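Below you'll find the structure, written out as structure tokens, and then a few comments.
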Amino acid sequence: HGDTDARRGRDARAAALHSRARQTTLSSTQFADERPISKVRYRGDGRALACGSFSCAVRVWDPESLEEPLACLQGHRERVTGLAWLGAAGAGARLASCSADCTAALWDVEASKRLAVLEGHRLTVAAVAAHPFGAHVGTASHDLTWRLWDAGTGAELLLQDGHERECAALSFHPDGSLALTGDYGGVARLWDVRSGQCVHVLQGHVKKVINASFSPGGVLAATGSDDNSVRVWDLRKRACAYVLPAHGNVVSDVRWGGEGGELLVTSSFDGTVKVWSARDLELLATLSGHTGRVMAADVRPDGAEVASAGFDRTLKIWARGAWEEDGA
């Protein structure tokens with residue numbers, strides 16, 4: 001009975017979350033930089049939002065106000081391509097960024113101080129991901145490699161090649177055992193983090209894989225592509241479970257959110273952000289408001305809010321019209 005009750009509770013909470021998601025509207029907007037915004041990521045507690053830009057800067061905002069940035073982190077020499085919060089569930093005060101300048105960096109956000117520069121990649125570092133245990137950071141680069149770094153010292157621990165085209169996407173499994181990477185040939189690969197061995201190849205996309213994300217439950221993973229589709233992979237079967245013809249242009253981001261990963265959020269160069277049910281991939285909301293390409297999106301870990309970053313230089317927060325803390 002305990003298991004049944006727990007499942008009923010999860011189902012009820014998921015239904016409430018999906019109902020709220022259907023009512024999502026634009027809550028606030030801010031010109032966040034003088035150049036296009038390239039990436040946006042919520043901190044694990046949902047109380048801070050990092051934005052990377054074509055201006056080379058990373059700014060951190062309070063998503064409740066968006067009035068003035070809490071921090072401005074400067075040090076990259078080319079556009080920022082990726083962001084990841086470090087620490088338990090990404091709720092620490094440290095942030096990792098990566099850039100077209102071939103480096104990644106670790107930052108103390110509160111002190112607005114760069115702690116380390118991760119050097120070694122020979123071409124654009126397209127993605128950065130925090131290993132869930134907090135002690136390591138991963139990077140994926142157009143130099144065909146992905147690498148693992150010590151988040152304390154910035155030392156390179158692992159250099160892994162195996163992709164035949166530019167590596168552009170990286171995500172770590174919630175239990176820390178697997179890495180998922182994707183490349184410009186449309187191929188995604190699963191790696192055993194401990195051994196560095198490729199354990200499975202996920203094929204199906206017909207154009208570049210631009211982003212990848214494991215679900216919080218660890219059973220599913222999503223990849224977004226230049227072929228305008230999102231593929232959801234069942235890791236138990238090591239096969240594609242769904243092909244979502246999600247957008248009318250390049251899929252620029254894929255992110256899971258809500259308790260247990262009940263929501264999937266996608267963004268696209270078609271100018272929209274879409275919110276899907278992770279259970280049956282029903283489209284719950286289409287968020288239109290950016291002028292031109294949406295470069296990135298993220299969903300607050302509790303699922304209550306979505307953030308998007310545009311080529312139009314704006315950061316937008318989307319929420320239920322009258323979001324109520326009691327979940328009513």
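Just remember, in the structure tokens the first chain shown is A, the second B, etc., residues are 1-based per chain, and ligands are 1-based in the order shown.
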
Excluding Lys237 in chain A and its own-chain neighbours fewer than 3 positions away, which residues fall within 12 Å of it when counting only C-alpha atoms? Please give them as a PDB file with all heavy atoms, in the first residue's frame.
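Done, and the output landed in result_25.pdb:
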```
ATOM      1  N   HIS A 200      27.810   2.898 -25.294  1.00  0.00           N
ATOM      2  CA  HIS A 200      26.705   2.792 -26.241  1.00  0.00           C
ATOM      3  C   HIS A 200      26.686   3.999 -27.173  1.00  0.00           C
ATOM      4  O   HIS A 200      27.050   5.108 -26.768  1.00  0.00           O
ATOM      5  CB  HIS A 200      25.363   2.678 -25.511  1.00  0.00           C
ATOM      6  CG  HIS A 200      24.260   2.163 -26.376  1.00  0.00           C
ATOM      7  ND1 HIS A 200      24.219   0.884 -26.869  1.00  0.00           N
ATOM      8  CD2 HIS A 200      23.150   2.777 -26.874  1.00  0.00           C
ATOM      9  CE1 HIS A 200      23.135   0.724 -27.617  1.00  0.00           C
ATOM     10  NE2 HIS A 200      22.471   1.866 -27.643  1.00  0.00           N
ATOM     11  N   LEU A 202      24.116   6.225 -29.593  1.00  0.00           N
ATOM     12  CA  LEU A 202      22.703   6.520 -29.854  1.00  0.00           C
ATOM     13  C   LEU A 202      22.607   7.244 -31.195  1.00  0.00           C
ATOM     14  O   LEU A 202      23.049   8.391 -31.317  1.00  0.00           O
ATOM     15  CB  LEU A 202      22.129   7.398 -28.735  1.00  0.00           C
ATOM     16  CG  LEU A 202      22.263   6.839 -27.316  1.00  0.00           C
ATOM     17  CD1 LEU A 202      21.836   7.890 -26.288  1.00  0.00           C
ATOM     18  CD2 LEU A 202      21.424   5.579 -27.149  1.00  0.00           C
ATOM     19  N   VAL A 219      16.337   7.629 -15.996  1.00  0.00           N
ATOM     20  CA  VAL A 219      15.885   6.576 -16.904  1.00  0.00           C
ATOM     21  C   VAL A 219      15.851   7.078 -18.346  1.00  0.00           C
ATOM     22  O   VAL A 219      16.069   6.316 -19.283  1.00  0.00           O
ATOM     23  CB  VAL A 219      14.485   6.072 -16.480  1.00  0.00           C
ATOM     24  CG1 VAL A 219      13.913   5.110 -17.512  1.00  0.00           C
ATOM     25  CG2 VAL A 219      14.559   5.405 -15.122  1.00  0.00           C
ATOM     26  N   LEU A 220      15.580   8.366 -18.522  1.00  0.00           N
ATOM     27  CA  LEU A 220      15.468   8.955 -19.848  1.00  0.00           C
ATOM     28  C   LEU A 220      16.561   9.985 -20.076  1.00  0.00           C
ATOM     29  O   LEU A 220      17.115  10.553 -19.139  1.00  0.00           O
ATOM     30  CB  LEU A 220      14.103   9.649 -20.016  1.00  0.00           C
ATOM     31  CG  LEU A 220      12.856   8.786 -19.846  1.00  0.00           C
ATOM     32  CD1 LEU A 220      11.607   9.653 -19.903  1.00  0.00           C
ATOM     33  CD2 LEU A 220      12.804   7.673 -20.896  1.00  0.00           C
ATOM     34  N   ALA A 221      16.863  10.213 -21.352  1.00  0.00           N
ATOM     35  CA  ALA A 221      17.736  11.318 -21.736  1.00  0.00           C
ATOM     36  C   ALA A 221      17.142  11.950 -22.977  1.00  0.00           C
ATOM     37  O   ALA A 221      16.469  11.284 -23.769  1.00  0.00           O
ATOM     38  CB  ALA A 221      19.149  10.826 -22.011  1.00  0.00           C
ATOM     39  N   VAL A 232      13.954  11.439 -27.331  1.00  0.00           N
ATOM     40  CA  VAL A 232      13.973  10.996 -25.938  1.00  0.00           C
ATOM     41  C   VAL A 232      14.376   9.527 -25.942  1.00  0.00           C
ATOM     42  O   VAL A 232      13.741   8.695 -26.617  1.00  0.00           O
ATOM     43  CB  VAL A 232      12.600  11.202 -25.267  1.00  0.00           C
ATOM     44  CG1 VAL A 232      12.621  10.653 -23.841  1.00  0.00           C
ATOM     45  CG2 VAL A 232      12.232  12.686 -25.266  1.00  0.00           C
ATOM     46  N   TRP A 233      15.447   9.235 -25.225  1.00  0.00           N
ATOM     47  CA  TRP A 233      16.044   7.896 -25.227  1.00  0.00           C
ATOM     48  C   TRP A 233      15.719   7.190 -23.918  1.00  0.00           C
ATOM     49  O   TRP A 233      15.839   7.778 -22.838  1.00  0.00           O
ATOM     50  CB  TRP A 233      17.562   7.992 -25.396  1.00  0.00           C
ATOM     51  CG  TRP A 233      17.982   8.830 -26.562  1.00  0.00           C
ATOM     52  CD1 TRP A 233      18.172  10.189 -26.572  1.00  0.00           C
ATOM     53  CD2 TRP A 233      18.257   8.378 -27.899  1.00  0.00           C
ATOM     54  NE1 TRP A 233      18.537  10.605 -27.824  1.00  0.00           N
ATOM     55  CE2 TRP A 233      18.605   9.529 -28.669  1.00  0.00           C
ATOM     56  CE3 TRP A 233      18.248   7.132 -28.510  1.00  0.00           C
ATOM     57  CZ2 TRP A 233      18.935   9.449 -30.018  1.00  0.00           C
ATOM     58  CZ3 TRP A 233      18.585   7.050 -29.862  1.00  0.00           C
ATOM     59  CH2 TRP A 233      18.922   8.194 -30.596  1.00  0.00           C
ATOM     60  N   ASP A 234      15.321   5.912 -24.011  1.00  0.00           N
ATOM     61  CA  ASP A 234      15.101   5.058 -22.847  1.00  0.00           C
ATOM     62  C   ASP A 234      16.416   4.340 -22.558  1.00  0.00           C
ATOM     63  O   ASP A 234      16.857   3.495 -23.357  1.00  0.00           O
ATOM     64  CB  ASP A 234      13.980   4.058 -23.138  1.00  0.00           C
ATOM     65  CG  ASP A 234      13.631   3.206 -21.922  1.00  0.00           C
ATOM     66  OD1 ASP A 234      14.544   2.872 -21.137  1.00  0.00           O
ATOM     67  OD2 ASP A 234      12.450   2.862 -21.767  1.00  0.00           O
ATOM     68  N   CYS A 240      15.708   4.691 -28.769  1.00  0.00           N
ATOM     69  CA  CYS A 240      14.917   5.910 -28.828  1.00  0.00           C
ATOM     70  C   CYS A 240      13.462   5.578 -28.496  1.00  0.00           C
ATOM     71  O   CYS A 240      12.856   4.716 -29.143  1.00  0.00           O
ATOM     72  CB  CYS A 240      15.018   6.545 -30.218  1.00  0.00           C
ATOM     73  SG  CYS A 240      14.124   8.093 -30.351  1.00  0.00           S
ATOM     74  N   ALA A 241      12.914   6.245 -27.489  1.00  0.00           N
ATOM     75  CA  ALA A 241      11.532   6.002 -27.075  1.00  0.00           C
ATOM     76  C   ALA A 241      10.560   6.914 -27.809  1.00  0.00           C
ATOM     77  O   ALA A 241       9.421   6.530 -28.096  1.00  0.00           O
ATOM     78  CB  ALA A 241      11.399   6.193 -25.564  1.00  0.00           C
TER      79      ALA A 241
END
```

If we count only C-alpha atoms and set the cut-off at 6 Å, which residues sit around Arg293 in chain A, ignoring sequence neighbours fewer than 2 positions away in its own chain? Please answer as a ChimeraX atom specification.
/A:269-271,295,310-311

Keeping only N, CA and C atoms, write those residues as a compact mmCIF listing (two decimals), in the first residue's frame.
```txt
# COMPACT_ATOMS: atom_id res chain seq x y z
N PHE A 269 15.42 28.15 -32.45
CA PHE A 269 15.62 29.31 -33.31
C PHE A 269 14.31 29.73 -33.99
N ASP A 270 13.23 28.94 -33.84
CA ASP A 270 11.94 29.35 -34.41
C ASP A 270 11.25 30.42 -33.57
N GLY A 271 11.92 30.85 -32.46
CA GLY A 271 11.40 31.93 -31.64
C GLY A 271 10.53 31.50 -30.48
N MET A 295 17.92 31.32 -27.82
CA MET A 295 19.24 30.68 -27.78
C MET A 295 19.33 29.59 -26.71
N GLY A 310 17.41 35.15 -25.37
CA GLY A 310 17.20 35.38 -26.79
C GLY A 310 18.35 36.06 -27.50
N PHE A 311 18.39 35.82 -28.82
CA PHE A 311 19.29 36.58 -29.68
C PHE A 311 18.90 38.06 -29.64
```

Residues at most 8 Å from range 11-17 of chain A, counting only C-alpha atoms, excluding those fewer than 6 positions away in the same chain, as a PyMOL selection string?
chain A and resi 258-259+262+303-304+327

Atoms to include: all heavy atoms. Write the selected residues as a PDB file, in the first residue's frame.
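The resulting file, part_0.pdb, is shown below:
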```
ATOM      1  N   GLY A 258      10.956  20.131 -12.605  1.00  0.00           N
ATOM      2  CA  GLY A 258       9.855  19.653 -11.781  1.00  0.00           C
ATOM      3  C   GLY A 258      10.278  18.426 -11.000  1.00  0.00           C
ATOM      4  O   GLY A 258      11.262  17.771 -11.315  1.00  0.00           O
ATOM      5  N   GLU A 259       9.526  18.088  -9.985  1.00  0.00           N
ATOM      6  CA  GLU A 259       9.840  16.934  -9.151  1.00  0.00           C
ATOM      7  C   GLU A 259       9.953  15.681 -10.012  1.00  0.00           C
ATOM      8  O   GLU A 259       9.036  15.353 -10.770  1.00  0.00           O
ATOM      9  CB  GLU A 259       8.739  16.742  -8.102  1.00  0.00           C
ATOM     10  CG  GLU A 259       9.000  15.569  -7.174  1.00  0.00           C
ATOM     11  CD  GLU A 259       7.798  15.194  -6.324  1.00  0.00           C
ATOM     12  OE1 GLU A 259       6.761  15.854  -6.466  1.00  0.00           O
ATOM     13  OE2 GLU A 259       7.921  14.246  -5.542  1.00  0.00           O
ATOM     14  N   GLU A 262       9.252  15.897 -14.234  1.00  0.00           N
ATOM     15  CA  GLU A 262       7.927  15.733 -14.854  1.00  0.00           C
ATOM     16  C   GLU A 262       7.706  16.663 -16.051  1.00  0.00           C
ATOM     17  O   GLU A 262       6.733  16.516 -16.784  1.00  0.00           O
ATOM     18  CB  GLU A 262       6.825  15.976 -13.814  1.00  0.00           C
ATOM     19  CG  GLU A 262       6.765  14.922 -12.723  1.00  0.00           C
ATOM     20  CD  GLU A 262       6.175  13.594 -13.196  1.00  0.00           C
ATOM     21  OE1 GLU A 262       5.780  13.501 -14.371  1.00  0.00           O
ATOM     22  OE2 GLU A 262       6.119  12.656 -12.381  1.00  0.00           O
ATOM     23  N   GLY A 303       9.899  23.351 -11.167  1.00  0.00           N
ATOM     24  CA  GLY A 303       8.971  23.378 -12.287  1.00  0.00           C
ATOM     25  C   GLY A 303       8.065  24.585 -12.341  1.00  0.00           C
ATOM     26  O   GLY A 303       7.229  24.702 -13.237  1.00  0.00           O
ATOM     27  N   ALA A 304       8.216  25.515 -11.391  1.00  0.00           N
ATOM     28  CA  ALA A 304       7.272  26.626 -11.268  1.00  0.00           C
ATOM     29  C   ALA A 304       7.514  27.748 -12.262  1.00  0.00           C
ATOM     30  O   ALA A 304       6.663  28.627 -12.424  1.00  0.00           O
ATOM     31  CB  ALA A 304       7.329  27.189  -9.848  1.00  0.00           C
ATOM     32  N   GLY A 327       0.253  25.891  -4.188  1.00  0.00           N
ATOM     33  CA  GLY A 327       0.022  24.960  -5.278  1.00  0.00           C
ATOM     34  C   GLY A 327      -1.419  24.917  -5.714  1.00  0.00           C
ATOM     35  O   GLY A 327      -1.835  24.011  -6.447  1.00  0.00           O
TER      36      GLY A 327
END
```

Within 6 Å of His163 in chain A using only C-alpha atoms, minus same-chain residues under 2 positions, as number ranges by chain
A: 144, 161, 165

If you keep C-alpha atoms, can you produce a file of those selected residues as an mmCIF file, in the first residue's frame?
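As a result, out_24.cif now contains:
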```cif
data_model
loop_
_atom_site.group_PDB
_atom_site.id
_atom_site.type_symbol
_atom_site.label_atom_id
_atom_site.label_comp_id
_atom_site.auth_asym_id
_atom_site.auth_seq_id
_atom_site.Cartn_x
_atom_site.Cartn_y
_atom_site.Cartn_z
ATOM 1 C CA LEU A 144 36.355 16.139 -30.881
ATOM 2 C CA ASP A 161 38.050 11.144 -27.779
ATOM 3 C CA ARG A 165 32.735 15.366 -35.598
#
```

Using only C-alpha atoms, find the one residue out of A:Asn228, A:Ser213, A:Ser53, A:Thr314 that sits nearest to Ser28 in chain A.
A:Thr314

Report as an MDAnalysis selection string all protein, DNA and RNA residues lying within 8 Å of range 118-128 of chain A, evaluated on only C-alpha atoms, omitting residues in the same chain fewer than 3 positions from it.
chainID A and resid 81:84 96:106 137:143 145 149 154:156 167:170

Expected file contents, prior selection, N, CA and C atoms, as a PDB file, in the first residue's frame:
```
ATOM      1  N   THR A  81      29.478  30.019 -24.196  1.00  0.00           N
ATOM      2  CA  THR A  81      28.714  28.964 -24.864  1.00  0.00           C
ATOM      3  C   THR A  81      27.988  28.030 -23.898  1.00  0.00           C
ATOM      4  N   GLY A  82      28.405  28.012 -22.625  1.00  0.00           N
ATOM      5  CA  GLY A  82      27.770  27.092 -21.681  1.00  0.00           C
ATOM      6  C   GLY A  82      27.955  27.543 -20.246  1.00  0.00           C
ATOM      7  N   LEU A  83      27.031  27.084 -19.371  1.00  0.00           N
ATOM      8  CA  LEU A  83      27.063  27.419 -17.944  1.00  0.00           C
ATOM      9  C   LEU A  83      26.617  26.209 -17.132  1.00  0.00           C
ATOM     10  N   ALA A  84      27.163  26.067 -15.938  1.00  0.00           N
ATOM     11  CA  ALA A  84      26.720  25.013 -15.020  1.00  0.00           C
ATOM     12  C   ALA A  84      27.022  25.440 -13.588  1.00  0.00           C
ATOM     13  N   ALA A  96      30.433  27.302 -13.262  1.00  0.00           N
ATOM     14  CA  ALA A  96      31.375  27.011 -14.350  1.00  0.00           C
ATOM     15  C   ALA A  96      30.825  27.608 -15.634  1.00  0.00           C
ATOM     16  N   SER A  97      31.722  28.131 -16.451  1.00  0.00           N
ATOM     17  CA  SER A  97      31.327  28.662 -17.758  1.00  0.00           C
ATOM     18  C   SER A  97      32.296  28.129 -18.800  1.00  0.00           C
ATOM     19  N   CYS A  98      31.859  28.116 -20.054  1.00  0.00           N
ATOM     20  CA  CYS A  98      32.764  27.757 -21.137  1.00  0.00           C
ATOM     21  C   CYS A  98      32.537  28.697 -22.302  1.00  0.00           C
ATOM     22  N   SER A  99      33.508  28.702 -23.232  1.00  0.00           N
ATOM     23  CA  SER A  99      33.525  29.766 -24.216  1.00  0.00           C
ATOM     24  C   SER A  99      34.141  29.329 -25.534  1.00  0.00           C
ATOM     25  N   ALA A 100      33.854  30.126 -26.560  1.00  0.00           N
ATOM     26  CA  ALA A 100      34.490  29.934 -27.863  1.00  0.00           C
ATOM     27  C   ALA A 100      35.977  30.285 -27.817  1.00  0.00           C
ATOM     28  N   ASP A 101      36.473  30.786 -26.660  1.00  0.00           N
ATOM     29  CA  ASP A 101      37.910  31.087 -26.524  1.00  0.00           C
ATOM     30  C   ASP A 101      38.737  29.844 -26.182  1.00  0.00           C
ATOM     31  N   CYS A 102      38.100  28.646 -26.271  1.00  0.00           N
ATOM     32  CA  CYS A 102      38.758  27.340 -26.036  1.00  0.00           C
ATOM     33  C   CYS A 102      38.984  27.022 -24.569  1.00  0.00           C
ATOM     34  N   THR A 103      38.417  27.819 -23.661  1.00  0.00           N
ATOM     35  CA  THR A 103      38.596  27.549 -22.233  1.00  0.00           C
ATOM     36  C   THR A 103      37.256  27.393 -21.527  1.00  0.00           C
ATOM     37  N   ALA A 104      37.337  26.856 -20.323  1.00  0.00           N
ATOM     38  CA  ALA A 104      36.243  26.929 -19.357  1.00  0.00           C
ATOM     39  C   ALA A 104      36.798  27.644 -18.131  1.00  0.00           C
ATOM     40  N   ALA A 105      35.908  28.143 -17.289  1.00  0.00           N
ATOM     41  CA  ALA A 105      36.341  28.870 -16.089  1.00  0.00           C
ATOM     42  C   ALA A 105      35.455  28.491 -14.918  1.00  0.00           C
ATOM     43  N   LEU A 106      36.037  28.564 -13.723  1.00  0.00           N
ATOM     44  CA  LEU A 106      35.303  28.359 -12.468  1.00  0.00           C
ATOM     45  C   LEU A 106      35.272  29.690 -11.725  1.00  0.00           C
ATOM     46  N   VAL A 137      34.017  18.716 -12.996  1.00  0.00           N
ATOM     47  CA  VAL A 137      33.343  19.438 -14.069  1.00  0.00           C
ATOM     48  C   VAL A 137      33.722  18.769 -15.390  1.00  0.00           C
ATOM     49  N   GLY A 138      32.756  18.669 -16.299  1.00  0.00           N
ATOM     50  CA  GLY A 138      33.037  18.119 -17.615  1.00  0.00           C
ATOM     51  C   GLY A 138      32.896  19.185 -18.685  1.00  0.00           C
ATOM     52  N   THR A 139      33.660  19.048 -19.770  1.00  0.00           N
ATOM     53  CA  THR A 139      33.571  19.966 -20.902  1.00  0.00           C
ATOM     54  C   THR A 139      33.541  19.162 -22.199  1.00  0.00           C
ATOM     55  N   ALA A 140      32.848  19.708 -23.214  1.00  0.00           N
ATOM     56  CA  ALA A 140      32.812  19.099 -24.543  1.00  0.00           C
ATOM     57  C   ALA A 140      33.240  20.147 -25.557  1.00  0.00           C
ATOM     58  N   SER A 141      34.039  19.738 -26.516  1.00  0.00           N
ATOM     59  CA  SER A 141      34.649  20.722 -27.408  1.00  0.00           C
ATOM     60  C   SER A 141      34.589  20.313 -28.878  1.00  0.00           C
ATOM     61  N   HIS A 142      34.661  21.335 -29.733  1.00  0.00           N
ATOM     62  CA  HIS A 142      34.732  21.096 -31.172  1.00  0.00           C
ATOM     63  C   HIS A 142      36.041  20.400 -31.574  1.00  0.00           C
ATOM     64  N   ASP A 143      36.985  20.250 -30.620  1.00  0.00           N
ATOM     65  CA  ASP A 143      38.233  19.528 -30.926  1.00  0.00           C
ATOM     66  C   ASP A 143      38.049  18.002 -30.879  1.00  0.00           C
ATOM     67  N   THR A 145      36.884  16.153 -28.485  1.00  0.00           N
ATOM     68  CA  THR A 145      37.060  15.513 -27.180  1.00  0.00           C
ATOM     69  C   THR A 145      36.072  16.041 -26.148  1.00  0.00           C
ATOM     70  N   TRP A 149      37.459  17.466 -15.298  1.00  0.00           N
ATOM     71  CA  TRP A 149      38.375  18.328 -14.553  1.00  0.00           C
ATOM     72  C   TRP A 149      38.067  18.286 -13.064  1.00  0.00           C
ATOM     73  N   GLY A 154      41.139  22.686 -10.812  1.00  0.00           N
ATOM     74  CA  GLY A 154      41.142  22.984 -12.243  1.00  0.00           C
ATOM     75  C   GLY A 154      42.020  22.044 -13.056  1.00  0.00           C
ATOM     76  N   ALA A 155      42.531  20.984 -12.417  1.00  0.00           N
ATOM     77  CA  ALA A 155      43.413  20.040 -13.126  1.00  0.00           C
ATOM     78  C   ALA A 155      42.590  19.124 -14.038  1.00  0.00           C
ATOM     79  N   GLU A 156      43.147  18.818 -15.221  1.00  0.00           N
ATOM     80  CA  GLU A 156      42.495  17.888 -16.143  1.00  0.00           C
ATOM     81  C   GLU A 156      42.730  16.461 -15.678  1.00  0.00           C
ATOM     82  N   CYS A 167      32.293  17.863 -30.985  1.00  0.00           N
ATOM     83  CA  CYS A 167      31.498  17.482 -29.812  1.00  0.00           C
ATOM     84  C   CYS A 167      30.866  18.755 -29.244  1.00  0.00           C
ATOM     85  N   ALA A 168      29.535  18.747 -29.098  1.00  0.00           N
ATOM     86  CA  ALA A 168      28.833  19.990 -28.761  1.00  0.00           C
ATOM     87  C   ALA A 168      27.930  19.884 -27.543  1.00  0.00           C
ATOM     88  N   ALA A 169      27.707  18.679 -27.028  1.00  0.00           N
ATOM     89  CA  ALA A 169      26.749  18.499 -25.936  1.00  0.00           C
ATOM     90  C   ALA A 169      27.324  17.572 -24.882  1.00  0.00           C
ATOM     91  N   LEU A 170      26.944  17.816 -23.618  1.00  0.00           N
ATOM     92  CA  LEU A 170      27.427  16.991 -22.505  1.00  0.00           C
ATOM     93  C   LEU A 170      26.448  17.062 -21.347  1.00  0.00           C
TER      94      LEU A 170
END
```

Return as CSV the residues of range 198-317 of chain A lying at most 9 Å from range 36-43 of chain A, together with the closest atom-to-atom pair for each and the distance in Å to one decimal, counting only C-alpha atoms, with rows in chain order and ascending residue number.
```
residue,atom,partner,partner_atom,distance
A:Asp253,CA,A:Lys39,CA,8.9
A:Val294,CA,A:Ser38,CA,8.7
A:Met295,CA,A:Ser38,CA,5.4
A:Ala296,CA,A:Lys39,CA,5.1
A:Ala297,CA,A:Val40,CA,6.0
A:Asp298,CA,A:Arg41,CA,5.7
A:Val299,CA,A:Tyr42,CA,7.3
A:Arg300,CA,A:Tyr42,CA,6.1
A:Pro301,CA,A:Tyr42,CA,7.7
A:Ala307,CA,A:Val40,CA,7.1
A:Ser308,CA,A:Val40,CA,6.7
A:Ala309,CA,A:Ile37,CA,5.5
A:Gly310,CA,A:Ile37,CA,5.5
A:Phe311,CA,A:Pro36,CA,4.4
A:Asp312,CA,A:Pro36,CA,5.9
A:Arg313,CA,A:Pro36,CA,4.3
A:Thr314,CA,A:Ile37,CA,7.0
A:Leu315,CA,A:Ile37,CA,7.5
```

Proximity of range 230-249 of chain A to range 277-289 of chain A: per-residue shortest pair, 10 Å limit, only C-alpha atoms, as JSON lines:
```
{"residue": "A:Val232", "atom": "CA", "partner": "A:Leu281", "partner_atom": "CA", "distance": 9.4}
{"residue": "A:Tyr242", "atom": "CA", "partner": "A:Leu281", "partner_atom": "CA", "distance": 8.3}
{"residue": "A:Val243", "atom": "CA", "partner": "A:Leu281", "partner_atom": "CA", "distance": 9.7}
{"residue": "A:Leu244", "atom": "CA", "partner": "A:Leu281", "partner_atom": "CA", "distance": 7.9}
{"residue": "A:Ala246", "atom": "CA", "partner": "A:Leu283", "partner_atom": "CA", "distance": 9.1}
```

Using backbone DSSP assignments, extract all strand (DSSP E or B) residues from range 107-207 of chain A; output them as a ChimeraX atom specification.
/A:107-108,113-118,125-130,136-141,145-150,156-161,167-172,178-183,187-192,198-203

Could you save the residues just selected, with C-alpha atoms, as a short mmCIF file (atom, residue, chain, number, x, y, z; two decimals), in the first residue's frame?
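This went into part_8.cif:
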```cif
data_model
loop_
_atom_site.label_atom_id
_atom_site.label_comp_id
_atom_site.auth_asym_id
_atom_site.auth_seq_id
_atom_site.Cartn_x
_atom_site.Cartn_y
_atom_site.Cartn_z
CA TRP A 107 33.89 31.35 -10.59
CA ASP A 108 33.09 32.37 -7.03
CA LYS A 113 36.12 36.21 -8.74
CA ARG A 114 37.54 33.73 -11.25
CA LEU A 115 38.94 30.75 -9.34
CA ALA A 116 40.46 28.75 -12.21
CA VAL A 117 40.80 28.62 -15.97
CA LEU A 118 40.44 25.15 -17.50
CA VAL A 125 34.36 24.57 -25.72
CA ALA A 126 30.67 24.13 -26.56
CA ALA A 127 29.31 22.66 -23.32
CA VAL A 128 30.12 22.46 -19.63
CA ALA A 129 28.40 20.22 -17.07
CA ALA A 130 28.75 19.75 -13.33
CA HIS A 136 34.25 17.47 -10.97
CA VAL A 137 33.34 19.44 -14.07
CA GLY A 138 33.04 18.12 -17.61
CA THR A 139 33.57 19.97 -20.90
CA ALA A 140 32.81 19.10 -24.54
CA SER A 141 34.65 20.72 -27.41
CA THR A 145 37.06 15.51 -27.18
CA TRP A 146 35.28 15.74 -23.87
CA ARG A 147 37.24 16.16 -20.67
CA LEU A 148 36.82 15.79 -16.92
CA TRP A 149 38.38 18.33 -14.55
CA ASP A 150 38.93 18.65 -10.81
CA GLU A 156 42.49 17.89 -16.14
CA LEU A 157 41.72 14.32 -15.05
CA LEU A 158 40.41 12.65 -18.20
CA LEU A 159 40.62 13.37 -21.93
CA GLN A 160 38.27 11.26 -24.00
CA ASP A 161 38.05 11.14 -27.78
CA CYS A 167 31.50 17.48 -29.81
CA ALA A 168 28.83 19.99 -28.76
CA ALA A 169 26.75 18.50 -25.94
CA LEU A 170 27.43 16.99 -22.50
CA SER A 171 25.34 15.83 -19.56
CA PHE A 172 26.06 13.64 -16.52
CA LEU A 178 27.48 7.94 -17.09
CA ALA A 179 28.19 10.86 -19.39
CA LEU A 180 26.13 11.62 -22.49
CA THR A 181 27.77 13.52 -25.34
CA GLY A 182 26.55 14.58 -28.76
CA ASP A 183 28.28 15.70 -31.94
CA VAL A 187 25.66 10.91 -33.04
CA ALA A 188 25.23 10.75 -29.27
CA ARG A 189 27.42 8.55 -27.08
CA LEU A 190 27.07 7.14 -23.57
CA TRP A 191 30.30 6.85 -21.59
CA ASP A 192 31.28 5.09 -18.38
CA CYS A 198 32.10 4.49 -24.65
CA VAL A 199 29.39 1.97 -23.67
CA HIS A 200 26.70 2.79 -26.24
CA VAL A 201 26.10 4.83 -29.39
CA LEU A 202 22.70 6.52 -29.85
CA GLN A 203 21.96 7.14 -33.52
#
```
